[in-house]
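A short worksheet on the structure shown next.
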Amino acid sequence: MTRFRTPNFRGRHAIILHRSSKGTGQLARQLERLGMTVEVCWPDFPAEGSSADVVFFDADNGFDGLFPWAQGEAPMPLIALLGSELPGRLEWALAQGIASHVVKPVQSSGVFSALVIAASNFDAAKTQQEQFEELQARLGRRPDVIRAVVNLMQLGLLDEDTAFSCLRSAAMDERITIEEFCSRLDADRLAQLIRHQSRDKWRVEE
């Protein structure tokens, strides 16, 4: 099990997208005590806001187009500031891809926990998306693997399992995936694999 490390938020930049109020003032002070710089604005998102490390936003009064990115594609963790439990408001907040939330009115506790949870959830979602994209890319290259297996079978007089094992071993030697290896495979490399497989077969038979 990986040991949990509490994030350090010192030096990070936070945006509070909410009308200025007693609650936003308290939230800003709490974030500043954690060493963060804070910018409070409403309703226009700052021109340079996409480089912020975290965004707290008013989920009770939020609207479509509040953010300059597509819905659910925030480049940083979003933390909803929620005072309403109306289903429509909750649905809208969730659709933004929030990583955590803080209940309004903002209290002296709960902000740090929301930051930690948001950072963890955002990183986990980012890792999952990267893994999904990598899997999609590998699946997109599967025809290259099938084509390489067929070519080895035909030119090297191998069965399917032996041809696949040969390709997999060659990919492992180069420390790349079999899909990437097969996508780079040309006639010269294919001939080299056939010669290598023939030598190994001759040694075994000898």
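Identifiers in the structure tokens: chain A, B, ... in order shown; residue index from 1 per chain; ligand index from 1 in order shown.
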
Original post:
Can you list, as a list in words, every protein, DNA or RNA residue that comes within 7 Å of segment 150-166 of chain A when you count only C-alpha atoms, leaving out same-chain residues fewer than 4 positions away?
Top reply: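 Listed by chain and then number, they are Ile146, Ala170 and Ile194 of chain A.
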
Deliver the residues from the most recent selection as a file, using N, CA and C atoms, as an mmCIF file, in the first residue's frame.
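Saved the output as result-v3.cif:
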```cif
data_model
loop_
_atom_site.group_PDB
_atom_site.id
_atom_site.type_symbol
_atom_site.label_atom_id
_atom_site.label_comp_id
_atom_site.auth_asym_id
_atom_site.auth_seq_id
_atom_site.Cartn_x
_atom_site.Cartn_y
_atom_site.Cartn_z
ATOM 1 N N ILE A 146 -1.291 -7.879 -35.429
ATOM 2 C CA ILE A 146 -1.856 -8.994 -36.213
ATOM 3 C C ILE A 146 -1.118 -9.135 -37.543
ATOM 4 N N ALA A 170 11.168 -9.632 -28.704
ATOM 5 C CA ALA A 170 11.909 -8.546 -29.340
ATOM 6 C C ALA A 170 11.492 -7.191 -28.764
ATOM 7 N N ILE A 194 13.250 -13.313 -38.406
ATOM 8 C CA ILE A 194 13.137 -14.662 -38.977
ATOM 9 C C ILE A 194 14.473 -15.395 -38.871
#
```

**OP:** Could you give me the residues within segment 23-180 of chain A that DSSP places in alpha helix (DSSP H), as number ranges by chain?
**Re:** A: 23-33, 87-95, 111-140, 142-156, 160-173, 178-180

Hey, which bits of segment 99-201 of chain A sit within 9 Å of segment 46-59 of chain A, and for each residue what's the closest pair of atoms and how far apart in Å (one decimal), counting only C-alpha atoms, rows by chain and increasing number, as CSV?
```
residue,atom,partner,partner_atom,distance
A:His101,CA,A:Phe56,CA,8.3
A:Val102,CA,A:Phe56,CA,8.7
A:Leu115,CA,A:Val54,CA,8.3
A:Ala118,CA,A:Val54,CA,8.7
A:Ala119,CA,A:Val54,CA,8.5
```

Subject >> atom CA of Gln26 of chain A to atom CA of Leu86 of chain A, distance in Å rounded to a single decimal >> reply: 24.7 Å

**OP:** Identify all residues of chain A in strand (DSSP E or B) (DSSP on the backbone) and supply them as a PyMOL selection string.
**Re:** chain A and resi 13-17+37-41+54-58+78-82+100-103

Original post:
Restricting the calculation to only C-alpha atoms, which member of A:Ser183, A:Phe122, A:Thr127, A:Ser109 is positioned closest to Leu139 of chain A?
Top reply: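 Once distances to Leu139 of chain A are computed over only C-alpha atoms, the minimum belongs to A:Ser183.
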
Would you kindly return, as a JSON list (two decimals) with C-alpha atoms, in the first residue's frame, each protein, DNA or RNA residue with an atom no farther than 8 Å from any atom of Phe45 of chain A, considering only C-alpha atoms and excluding same-chain residues fewer than 6 positions away?
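What follows is the written file selection_10.json:
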```
[["chain", "number", "residue", "atom", "x", "y", "z"],
["A", 17, "LEU", "CA", -14.96, 32.60, -8.22],
["A", 66, "LEU", "CA", -18.77, 30.30, -16.26],
["A", 67, "PHE", "CA", -15.45, 28.63, -17.10],
["A", 68, "PRO", "CA", -13.39, 29.10, -20.28]]
```

Subject >> Among listed residues A:Val111, A:Ala70, A:Ala148, A:Leu78, nearest Gln30 of chain A (using only C-alpha atoms) >> reply: A:Val111

Subject >> Separation of atom CA of His18 of chain A from atom CA of Trp92 of chain A, in Å and rounded to one decimal >> reply: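 One can read the atom CA of His18 of chain A to atom CA of Trp92 of chain A distance as 16.0 Å.
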
Original post:
For Pro77 of chain A, which residue among A:Ser100, A:Thr24, A:Asn8, A:Thr37 is the nearest when counting only C-alpha atoms?
Top reply: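 Closest residue, counting only C-alpha atoms: A:Ser100.
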
Original post:
Between A:Val106, A:Ala171, A:Gln96, A:Asp186, which is the closest to Trp69 of chain A once you count only C-alpha atoms?
Top reply: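 Between A:Val106, A:Ala171, A:Gln96, A:Asp186, the residue approaching Trp69 of chain A most closely is A:Gln96.
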
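Remark: for Gln71 of chain A, the closest of the candidate residues A:Gly97, A:Ile176, A:Ser84, A:Lys126 is A:Gly97 (distances computed over only C-alpha atoms).
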
**OP:** Tell me, as a list in words, which residues lie within 12 Å of Arg33 of chain A, counting only C-alpha atoms; anything in the same chain fewer than 6 positions away does not count.
**Re:**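 So, after excluding close chain neighbours, the residues are Phe9, Arg10, Gly11, Arg12, Gln26, Leu27, Ser108, Val111 and Phe112 of chain A.
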
Original post:
Do you know which residues are at most 12 Å from Arg142 of chain A counting only C-alpha atoms, after dropping those on the same chain fewer than 6 positions away, and could you put them as a list in words?
Top reply: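 After dropping sequence-adjacent residues, the list is Leu135, Gln136, Ala148, Val149, Thr177, Ile178, Glu179, Glu180, Phe181, Cys182 and Ser183 of chain A.
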